[in-house]
Each structure stands twice: as C-alpha cells, then as structure tokens.
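A.B. asks: Can you read through this structure? Questions will come right after.
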Amino acid sequence: MKQKTLMVMTACGAILTLLGLVLDSGRDARAAWSRASEPIFPNLPGQVDAADTLVIESAKGTTTLTRDGEAWAVVERGGFPGRGDEVGRLLVALVEATRVEPLTSKPELHGQLGLGGFEDEASPTVRLTVRAGADTVLADIYIGNRRTRGVGEGWYVREPGSDQAWAVQAKLRCPRQTSEWLQTELMNIARDRIARVHLEGAAGELVQLERQGESGAGFDIQNLPQGREPKTLASAAGFLGSLASLRITDVQSAASAEFPDEGTSRTTWWTRGGLRILAELSEQADNKLLARFTFGYDADSSAQPALGPALDAEEGDENPLPTPAELETEATELNAATRDWVFTLPSWKKSSFITTMEDLLRPMLDEE
C-alpha cells in the first residue's frame with residue numbers, strides 16, 4: 001500500500017472518530033442540542049453556601065473534604081487542614097458551568113473524552129460530588145479531559161445515570177490525589193533568623209554549626225576534626241533556608257503513622273532570639289523523608305545585644321529581635337499546628353535537613 005494512500009486512510013479514520021464524538025443522530029441528539037447554553041446545575045447558586053462536604057473519586061482513590069465553619073479538612077488524612085481556596089474555586093466553577101455542545105452518548109467513545117471511568121490507573125476521570133449534610137446532593141458530575149477548542153476554559157463532563165457527554169465552559173480542573181488537597185505550607189522561618197544548627201546523625205555523629213555573623217552566607221563548623229579543613233569557606237549554606245516557606249508533600253496523623261524509633265536523625269535550629277526548632281527525620285526506601293517537629297524557646301541561647309545607649313526606632317535595627325513573650329507564643333502556635341502529625345517532605349529538601357561531617361570537609365590527602 002502506498003504511503004500516501006495510508007495517510008489518507010488514517011486521516012479519514014480520525015475524522016470519522018471525531019464525527020462519532022460530536023454527532024449522534026436522531027431525536028435524542030436534537031433534544032440534547034436544545035439544552036445548549038443551559039447551566040449544568042441551575043439550582044446550585046442558591047444552595048452553594050450550604051455545601052459542607054466534597055467527595056472526589058478517581059483511579060487514585062477517594063478524597064473527602066468536610067467543612068467546619070470556614071475551614072475545610074481532609075478526612076483521609078485524619079482531619080488535616082485542606083485547601084479551602086481550591087474548594088471555593090471548584091464550587092464557583094460548578095455554579096458557573098454552562099453546557100456548550102452535546103457530544104457522544106456512546107459509552108465506548110467516552111474514554112476518548114477522558115470519561116472512561118476508573119479501571120485504568122492513568123484515567124483522568126474524576127467524579128465530583130457536593131453535599132449539604134448526609135442526605136442532600138447539591139452537585140454530582142463526572143469530569144474528563146480539558147476541552148482543547150472553543151473560547152474560554154472548558155471540560156468534557158457526563159452526569160451520573162446518563163450516557164450523554166457534554167462540552168461545558170467552566171474552570172473544572174479537579175486534583176485527583178489526596179495529597180493535592182492538603183494545605184502544604186507548614187512554616188516560614190526566614191533564613192536571616194537562623195543563628196545555629198546542630199545535626200545528630202542516625203549513627204550518633206554530631207555536627208555543630210554556628211552562623212558566620214548575623215548576615216553570614218553560611219556556617220563555621222564548631223567541632224571541626226583536628227587536621228581537617230572545611231570544603232568551602234561558608235559551610236552548609238542550605239541549612240539557612242531549610243525552614244523558609246517549608247512545604248510538605250503528604251501527612252499522616254501521629255497516632256497512625258509508623259515513625260521508626262531507631263535509625264533517625266535529629267536536626268535542631270536556633271534563631272536569633274532563642275526559638276528552637278527540632279526535626280526528627282527518617283529516610284525512607286522510596287526516597288521520602290519523614291519528619292516530626294517540636295518547638296521551644298531557649299532563653300540561654302538568645303543573642304545578647306551589646307550594651308550601649310538606647311536608639312530611636314528609626315535609628316535601630318530594621319528587623320528587631322522578637323521579645324521572649326513573642327517567641328514563646330510562636331513556639332506554642334507551631335507546636336499546636338504540628339505536634340499531632342508526621343510529615344512527608346520533598347525529596348529534594350533532604351540535603352538541607354540531613355548532612356554528615358564528611359560531606360562538609362575536604363577529602364583527606366593520601367599520606368604518600
């Protein structure tokens with residue numbers, strides 16, 4: 001068969017497939033077209049404020065978010081705070097979702113729209129259900145692929161109990177994995193606050209680091225082994241930013257998490273002023289880094305200001321040290337947010353949470 005003929009047949013097959021998705025003949029198709037431009041959920045605008053539960057089903061599993069006041073929590077993660085902003089965006093999208101055109105009503109073609117169901121782990125299909133209380137369903141929809149043509153953002157959808165697929169205009173991007181629904185920013189302790197770091201390795205090795213001045217680019221090694229030299233003039237610079245805008249990739253409740261009692265590392269940071277942050281760390285076989293945190297205030301480690309005349313506010317430090325009361329309050333709030341949880345940190349964060357003395361030193365020269 002000539003290549004040109006093969007190309008023509010392939011193009012014809014693609015066109016026929018597209019026609020199969022777009023056109024269904026007969027009375028049902030005409031009835032479907034008559035509903036174009038209608039909202040998917042016409043009663044939702046007056047009910048959306050009552051929504052208190054979202055259920056997201058996909059090939060990745062089920063995620064349930066429940067509301068308490070203005071806050072949303074992820075049931076499958078023990079009630080850890082969820083992304084209320086993402087919930088709000090989806091609820092607005094459901095209110096605004098408008099039918100653009102009917103597509104196929106043939107189940108065998110649904111997979112080409114991303115509406116093929118959950119049997120294939122890679123399937124993009126999501127079923128989104130919104131409830132008010134246990135018994136009232138406000139919205140229920142299958143969401144497939146993003147629409148690739150037309151004006152504005154659109155998606156392919158199908159209503160449960162119907163084979164009719166639709167192209168709708170709405171911002172219906174819906175995360176499939178439970179971890180994507182978590183509030184991921186854990187803490188934000190700026191790098192310019194860090195003064196000291198101690199690292200206790202799983203084998204008992206201790207590395208003591210002291211900041212090279214208040215604005216230093218890294219640390220001096222306080223317990224440098226005799227006869228050895230640091231690899232760089234400013235050691236372990238990454239540990240300054242370890243806790244700045246720290247985000248997690250997943251979380252488990254401390255009650256159910258399997259955090260090992262042995263083989264863990266301990267890294268402790270002290271800020272200027274005396275806030276203490278202790279991270280217990282466990283490296284997992286799948287390159288994950290588990291962490292649990294404890295916070296405190298150490299008055300003895302607080303940097304003592306030099307004696308001298310009092311300065312007016314405009315002449316003083318632009319970033320004055322927090323008071324002991326402020327630091328104690330900060331430690332209390334951070335403990336309340338983290339003490340019941342074991343967090344999974346991004347794998348690329350490992351080098352700013354765990355290191356060894358040998359990693360920081362120049363290689364030893366061969367004696368010969």
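In the structure tokens, chains take the letters A, B, ... in the order shown, each chain's residues start at 1, and ligands count up from 1 in the order shown.
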Please report as JSON lines every residue of region 69-156 of chain A lying within 7 Å of region 34-39 of chain A, along with the nearest atom pair and their distance in Å (one decimal), using only C-alpha atoms.

C.D. replies:
{"residue": "A:Glu96", "atom": "CA", "partner": "A:Pro39", "partner_atom": "CA", "distance": 7.0}
{"residue": "A:Ala97", "atom": "CA", "partner": "A:Pro39", "partner_atom": "CA", "distance": 5.8}
{"residue": "A:Thr98", "atom": "CA", "partner": "A:Pro39", "partner_atom": "CA", "distance": 4.2}
{"residue": "A:Arg99", "atom": "CA", "partner": "A:Ser37", "partner_atom": "CA", "distance": 5.0}
{"residue": "A:Val100", "atom": "CA", "partner": "A:Ala36", "partner_atom": "CA", "distance": 5.4}
{"residue": "A:Glu101", "atom": "CA", "partner": "A:Ala36", "partner_atom": "CA", "distance": 5.6}

A.B. asks: Output N, CA and C atoms for every residue in the selection just made, as an mmCIF file, in the first residue's frame.

C.D. replies:
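Result file follows (selection04.cif):
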data_model
loop_
_atom_site.group_PDB
_atom_site.id
_atom_site.type_symbol
_atom_site.label_atom_id
_atom_site.label_comp_id
_atom_site.auth_asym_id
_atom_site.auth_seq_id
_atom_site.Cartn_x
_atom_site.Cartn_y
_atom_site.Cartn_z
ATOM 1 N N GLU A 96 -21.022 28.192 37.801
ATOM 2 C CA GLU A 96 -20.938 28.863 36.503
ATOM 3 C C GLU A 96 -20.948 27.902 35.324
ATOM 4 N N ALA A 97 -20.803 26.586 35.560
ATOM 5 C CA ALA A 97 -20.668 25.615 34.466
ATOM 6 C C ALA A 97 -21.879 25.660 33.531
ATOM 7 N N THR A 98 -21.606 25.876 32.251
ATOM 8 C CA THR A 98 -22.653 26.022 31.242
ATOM 9 C C THR A 98 -22.423 25.038 30.096
ATOM 10 N N ARG A 99 -23.497 24.402 29.653
ATOM 11 C CA ARG A 99 -23.389 23.465 28.523
ATOM 12 C C ARG A 99 -23.054 24.239 27.247
ATOM 13 N N VAL A 100 -22.061 23.739 26.501
ATOM 14 C CA VAL A 100 -21.689 24.358 25.231
ATOM 15 C C VAL A 100 -22.228 23.555 24.061
ATOM 16 N N GLU A 101 -21.936 22.258 24.062
ATOM 17 C CA GLU A 101 -22.452 21.401 22.985
ATOM 18 C C GLU A 101 -22.511 19.957 23.466
#

A.B. asks: Can you list, as a PyMOL selection string, every residue of region 34-263 of chain A that DSSP puts in strand (DSSP E or B)?

C.D. replies: chain A and resi 39+53-58+61-68+71-74+80-82+98-102+126-132+136-146+154-158+165-169+182+185-187+194-200+206-211+219-221+230+235+246-247+250-253

A.B. asks: Just the residues within 9 Å of region 89-92 of chain A, please, counting only C-alpha atoms, with nothing from its chain fewer than 4 positions along; format it as number ranges by chain.

C.D. replies: A: 45, 48, 51, 84-85, 96-97, 130, 171-174

A.B. asks: What's around Pro346 (chain A) at 9 Å? Count only C-alpha atoms, leave out sequence neighbours fewer than 2 positions away in its own chain, and write the answer as a list in words.

C.D. replies: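 Non-adjacent residues within range: Arg247, Ile248, Thr249, Asp250, Lys288, Leu289, Thr344, Trp348, Lys349 and Lys350 of chain A.
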
A.B. asks: Find the residues near Arg149 (chain A): any atom within 12 Å, counting only C-alpha atoms, skip ones fewer than 3 places away on the same chain, and give them as an mmCIF file with N, CA and C atoms, in the first residue's frame.

C.D. replies:
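Okay, this is what ended up in selection-v3.cif:
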data_model
loop_
_atom_site.group_PDB
_atom_site.id
_atom_site.type_symbol
_atom_site.label_atom_id
_atom_site.label_comp_id
_atom_site.auth_asym_id
_atom_site.auth_seq_id
_atom_site.Cartn_x
_atom_site.Cartn_y
_atom_site.Cartn_z
ATOM 1 N N VAL A 100 -22.061 23.739 26.501
ATOM 2 C CA VAL A 100 -21.689 24.358 25.231
ATOM 3 C C VAL A 100 -22.228 23.555 24.061
ATOM 4 N N GLU A 101 -21.936 22.258 24.062
ATOM 5 C CA GLU A 101 -22.452 21.401 22.985
ATOM 6 C C GLU A 101 -22.511 19.957 23.466
ATOM 7 N N ASN A 145 -11.396 15.071 30.235
ATOM 8 C CA ASN A 145 -10.289 15.882 29.737
ATOM 9 C C ASN A 145 -10.683 17.346 29.610
ATOM 10 N N ARG A 146 -9.657 18.177 29.594
ATOM 11 C CA ARG A 146 -9.888 19.595 29.302
ATOM 12 C C ARG A 146 -10.216 19.750 27.827
ATOM 13 N N GLY A 152 -12.504 30.313 25.923
ATOM 14 C CA GLY A 152 -12.515 30.146 27.373
ATOM 15 C C GLY A 152 -12.163 28.732 27.783
ATOM 16 N N GLU A 153 -12.051 28.531 29.076
ATOM 17 C CA GLU A 153 -11.691 27.203 29.587
ATOM 18 C C GLU A 153 -12.910 26.292 29.595
ATOM 19 N N GLY A 154 -12.740 25.094 29.081
ATOM 20 C CA GLY A 154 -13.845 24.150 29.049
ATOM 21 C C GLY A 154 -13.384 22.742 29.342
ATOM 22 N N TRP A 155 -14.330 21.868 29.721
ATOM 23 C CA TRP A 155 -14.035 20.482 30.067
ATOM 24 C C TRP A 155 -15.142 19.596 29.505
ATOM 25 N N TYR A 156 -14.810 18.313 29.380
ATOM 26 C CA TYR A 156 -15.795 17.321 28.983
ATOM 27 C C TYR A 156 -16.375 16.689 30.247
ATOM 28 N N ALA A 167 -19.613 19.055 26.310
ATOM 29 C CA ALA A 167 -18.554 20.047 26.480
ATOM 30 C C ALA A 167 -19.164 21.204 27.258
ATOM 31 N N VAL A 168 -18.514 21.579 28.354
ATOM 32 C CA VAL A 168 -19.035 22.681 29.166
ATOM 33 C C VAL A 168 -17.971 23.746 29.320
ATOM 34 N N GLN A 169 -18.408 24.955 29.550
ATOM 35 C CA GLN A 169 -17.490 26.054 29.820
ATOM 36 C C GLN A 169 -17.470 26.287 31.327
#

A.B. asks: Please determine, counting only C-alpha atoms, which residue among A:Ser162, A:Ser351, A:Thr356, A:Ser179 has the shortest atom-to-atom distance to Leu224 (chain A).

C.D. replies: A:Thr356

A.B. asks: Would you mind listing what lies within 12 Å of Val342 (chain A) as a PyMOL selection string, with only C-alpha atoms counted and same-chain residues fewer than 6 positions away left out?

C.D. replies: chain A and resi 77-78+80+186+248-260+279-282+289-294

A.B. asks: If you measure from CA of Ser215 (chain A) to CA of Asp192 (chain A), what distance in Å do you get, rounded to one decimal?

C.D. replies: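 These two atoms are separated by 6.6 Å.
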
A.B. asks: Figure out the distance between CA of Ser245 (chain A) and CA of Leu345 (chain A), please, to one decimal in Å.

C.D. replies: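 Between these atoms lies a distance of 12.2 Å.
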
A.B. asks: Please, what distance in Å, to one decimal, runs between CA of Pro102 (chain A) and CA of Glu86 (chain A)?

C.D. replies: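 Those two atoms sit 27.7 Å apart.
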
A.B. asks: Using only C-alpha atoms, which of A:Gly133, A:Leu113, A:Gly69, A:Leu361 sits nearest Asp220 (chain A)?

C.D. replies: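 Residue with the minimum atom-to-atom distance to Asp220 (chain A): A:Leu361.
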
A.B. asks: Restricting the calculation to only C-alpha atoms: of A:Trp341, A:Lys60, A:Thr268, A:Val95, which residue gets closest to Gly46 (chain A)?

C.D. replies: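 Among the listed residues, A:Val95 lies closest to Gly46 (chain A).
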
A.B. asks: Output as a count of residues only all residues of region 180-353 of chain A that backbone DSSP marks as helix (DSSP H, G or I).

C.D. replies: 36

A.B. asks: List as a list in words the protein and nucleic acid residues near region 211-214 of chain A, meaning an atom at most 10 Å away when only C-alpha atoms are counted, but skip any in the same chain fewer than 4 places from it.

C.D. replies: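 After dropping sequence-adjacent residues, the list is Asp192, Arg193, Ile194, Ala195, Arg196, Val197, Gly218, Phe219, Asp220, Ile221, Gln222, Leu233, Ala234, Ser235, Ala236, Ala237, Leu240 and Arg272 of chain A.
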
A.B. asks: For the residues in the current selection, export all heavy atoms as a short mmCIF file (atom, residue, chain, number, x, y, z; two decimals), in the first residue's frame.

C.D. replies:
data_model
loop_
_atom_site.label_atom_id
_atom_site.label_comp_id
_atom_site.auth_asym_id
_atom_site.auth_seq_id
_atom_site.Cartn_x
_atom_site.Cartn_y
_atom_site.Cartn_z
N ASP A 192 17.29 34.70 57.47
CA ASP A 192 18.09 35.67 58.22
C ASP A 192 17.88 35.56 59.73
O ASP A 192 18.58 36.21 60.50
CB ASP A 192 17.81 37.09 57.75
CG ASP A 192 16.36 37.52 57.89
OD1 ASP A 192 15.57 36.74 58.46
OD2 ASP A 192 16.01 38.61 57.41
N ARG A 193 16.94 34.69 60.17
CA ARG A 193 16.74 34.48 61.60
C ARG A 193 17.65 33.38 62.16
O ARG A 193 17.87 33.31 63.37
CB ARG A 193 15.28 34.09 61.88
CG ARG A 193 14.27 35.18 61.58
CD ARG A 193 12.87 34.72 61.92
NE ARG A 193 12.70 34.46 63.34
CZ ARG A 193 11.62 33.92 63.89
NH1 ARG A 193 10.60 33.57 63.11
NH2 ARG A 193 11.54 33.72 65.19
N ILE A 194 18.14 32.50 61.30
CA ILE A 194 18.88 31.33 61.77
C ILE A 194 20.24 31.72 62.31
O ILE A 194 21.01 32.45 61.68
CB ILE A 194 19.04 30.29 60.64
CG1 ILE A 194 17.67 29.90 60.09
CG2 ILE A 194 19.81 29.07 61.13
CD1 ILE A 194 16.75 29.27 61.09
N ALA A 195 20.58 31.20 63.52
CA ALA A 195 21.86 31.51 64.16
C ALA A 195 22.74 30.28 64.34
O ALA A 195 23.96 30.35 64.17
CB ALA A 195 21.60 32.15 65.53
N ARG A 196 22.15 29.13 64.69
CA ARG A 196 22.94 27.91 64.94
C ARG A 196 22.17 26.70 64.46
O ARG A 196 20.93 26.71 64.42
CB ARG A 196 23.20 27.72 66.45
CG ARG A 196 24.17 28.68 67.08
CD ARG A 196 24.52 28.21 68.50
NE ARG A 196 23.37 28.26 69.39
CZ ARG A 196 23.05 27.33 70.28
NH1 ARG A 196 23.77 26.22 70.37
NH2 ARG A 196 22.02 27.47 71.07
N VAL A 197 22.91 25.64 64.11
CA VAL A 197 22.31 24.37 63.74
C VAL A 197 23.16 23.25 64.32
O VAL A 197 24.39 23.29 64.23
CB VAL A 197 22.21 24.19 62.20
CG1 VAL A 197 21.54 22.86 61.87
CG2 VAL A 197 21.46 25.33 61.56
N GLY A 218 26.80 31.44 55.40
CA GLY A 218 26.81 30.05 55.81
C GLY A 218 27.28 29.93 57.25
O GLY A 218 27.12 30.87 58.05
N PHE A 219 27.87 28.78 57.58
CA PHE A 219 28.24 28.47 58.97
C PHE A 219 29.72 28.12 59.09
O PHE A 219 30.35 27.68 58.13
CB PHE A 219 27.43 27.27 59.46
CG PHE A 219 25.95 27.47 59.46
CD1 PHE A 219 25.19 27.19 58.33
CD2 PHE A 219 25.30 27.95 60.59
CE1 PHE A 219 23.82 27.36 58.32
CE2 PHE A 219 23.92 28.13 60.60
CZ PHE A 219 23.19 27.84 59.45
N ASP A 220 30.24 28.32 60.29
CA ASP A 220 31.52 27.75 60.69
C ASP A 220 31.24 26.44 61.41
O ASP A 220 30.25 26.32 62.15
CB ASP A 220 32.28 28.69 61.63
CG ASP A 220 32.81 29.93 60.92
OD1 ASP A 220 33.23 29.79 59.75
OD2 ASP A 220 32.79 31.01 61.53
N ILE A 221 32.11 25.45 61.21
CA ILE A 221 31.97 24.16 61.89
C ILE A 221 32.66 24.28 63.25
O ILE A 221 33.88 24.42 63.33
CB ILE A 221 32.60 23.03 61.05
CG1 ILE A 221 31.96 22.99 59.67
CG2 ILE A 221 32.43 21.69 61.76
CD1 ILE A 221 32.63 22.02 58.71
N GLN A 222 31.87 24.23 64.31
CA GLN A 222 32.40 24.44 65.65
C GLN A 222 33.21 23.26 66.16
O GLN A 222 34.16 23.43 66.92
CB GLN A 222 31.25 24.75 66.63
CG GLN A 222 30.53 26.04 66.34
CD GLN A 222 31.44 27.25 66.45
OE1 GLN A 222 31.91 27.59 67.53
NE2 GLN A 222 31.72 27.90 65.32
N LEU A 233 34.41 27.95 52.28
CA LEU A 233 34.60 28.95 53.32
C LEU A 233 33.36 29.11 54.20
O LEU A 233 33.47 29.39 55.39
CB LEU A 233 34.96 30.30 52.68
CG LEU A 233 36.30 30.36 51.95
CD1 LEU A 233 36.51 31.71 51.29
CD2 LEU A 233 37.46 30.05 52.92
N ALA A 234 32.19 28.95 53.61
CA ALA A 234 30.93 29.02 54.35
C ALA A 234 30.24 27.67 54.22
O ALA A 234 29.76 27.31 53.15
CB ALA A 234 30.04 30.13 53.82
N SER A 235 30.20 26.91 55.31
CA SER A 235 29.69 25.54 55.26
C SER A 235 28.16 25.50 55.37
O SER A 235 27.54 26.36 56.01
CB SER A 235 30.30 24.72 56.40
OG SER A 235 31.70 24.60 56.23
N ALA A 236 27.57 24.46 54.76
CA ALA A 236 26.15 24.10 54.95
C ALA A 236 25.20 25.27 54.75
O ALA A 236 24.24 25.44 55.50
CB ALA A 236 25.96 23.49 56.34
N ALA A 237 25.44 26.07 53.71
CA ALA A 237 24.60 27.26 53.48
C ALA A 237 23.13 26.90 53.30
O ALA A 237 22.25 27.69 53.64
CB ALA A 237 25.12 28.02 52.26
N LEU A 240 20.41 27.38 56.09
CA LEU A 240 19.80 28.67 56.42
C LEU A 240 18.36 28.75 55.93
O LEU A 240 17.50 29.32 56.59
CB LEU A 240 20.62 29.81 55.79
CG LEU A 240 22.02 30.05 56.36
CD1 LEU A 240 22.74 31.09 55.52
CD2 LEU A 240 21.94 30.50 57.82
N ARG A 272 18.06 33.67 66.01
CA ARG A 272 18.46 34.83 66.81
C ARG A 272 17.30 35.14 67.75
O ARG A 272 16.17 35.31 67.32
CB ARG A 272 18.74 36.03 65.92
CG ARG A 272 19.89 35.88 64.95
CD ARG A 272 19.90 37.02 63.94
NE ARG A 272 19.96 38.31 64.60
CZ ARG A 272 19.32 39.39 64.20
NH1 ARG A 272 18.51 39.34 63.16
NH2 ARG A 272 19.44 40.53 64.85
#
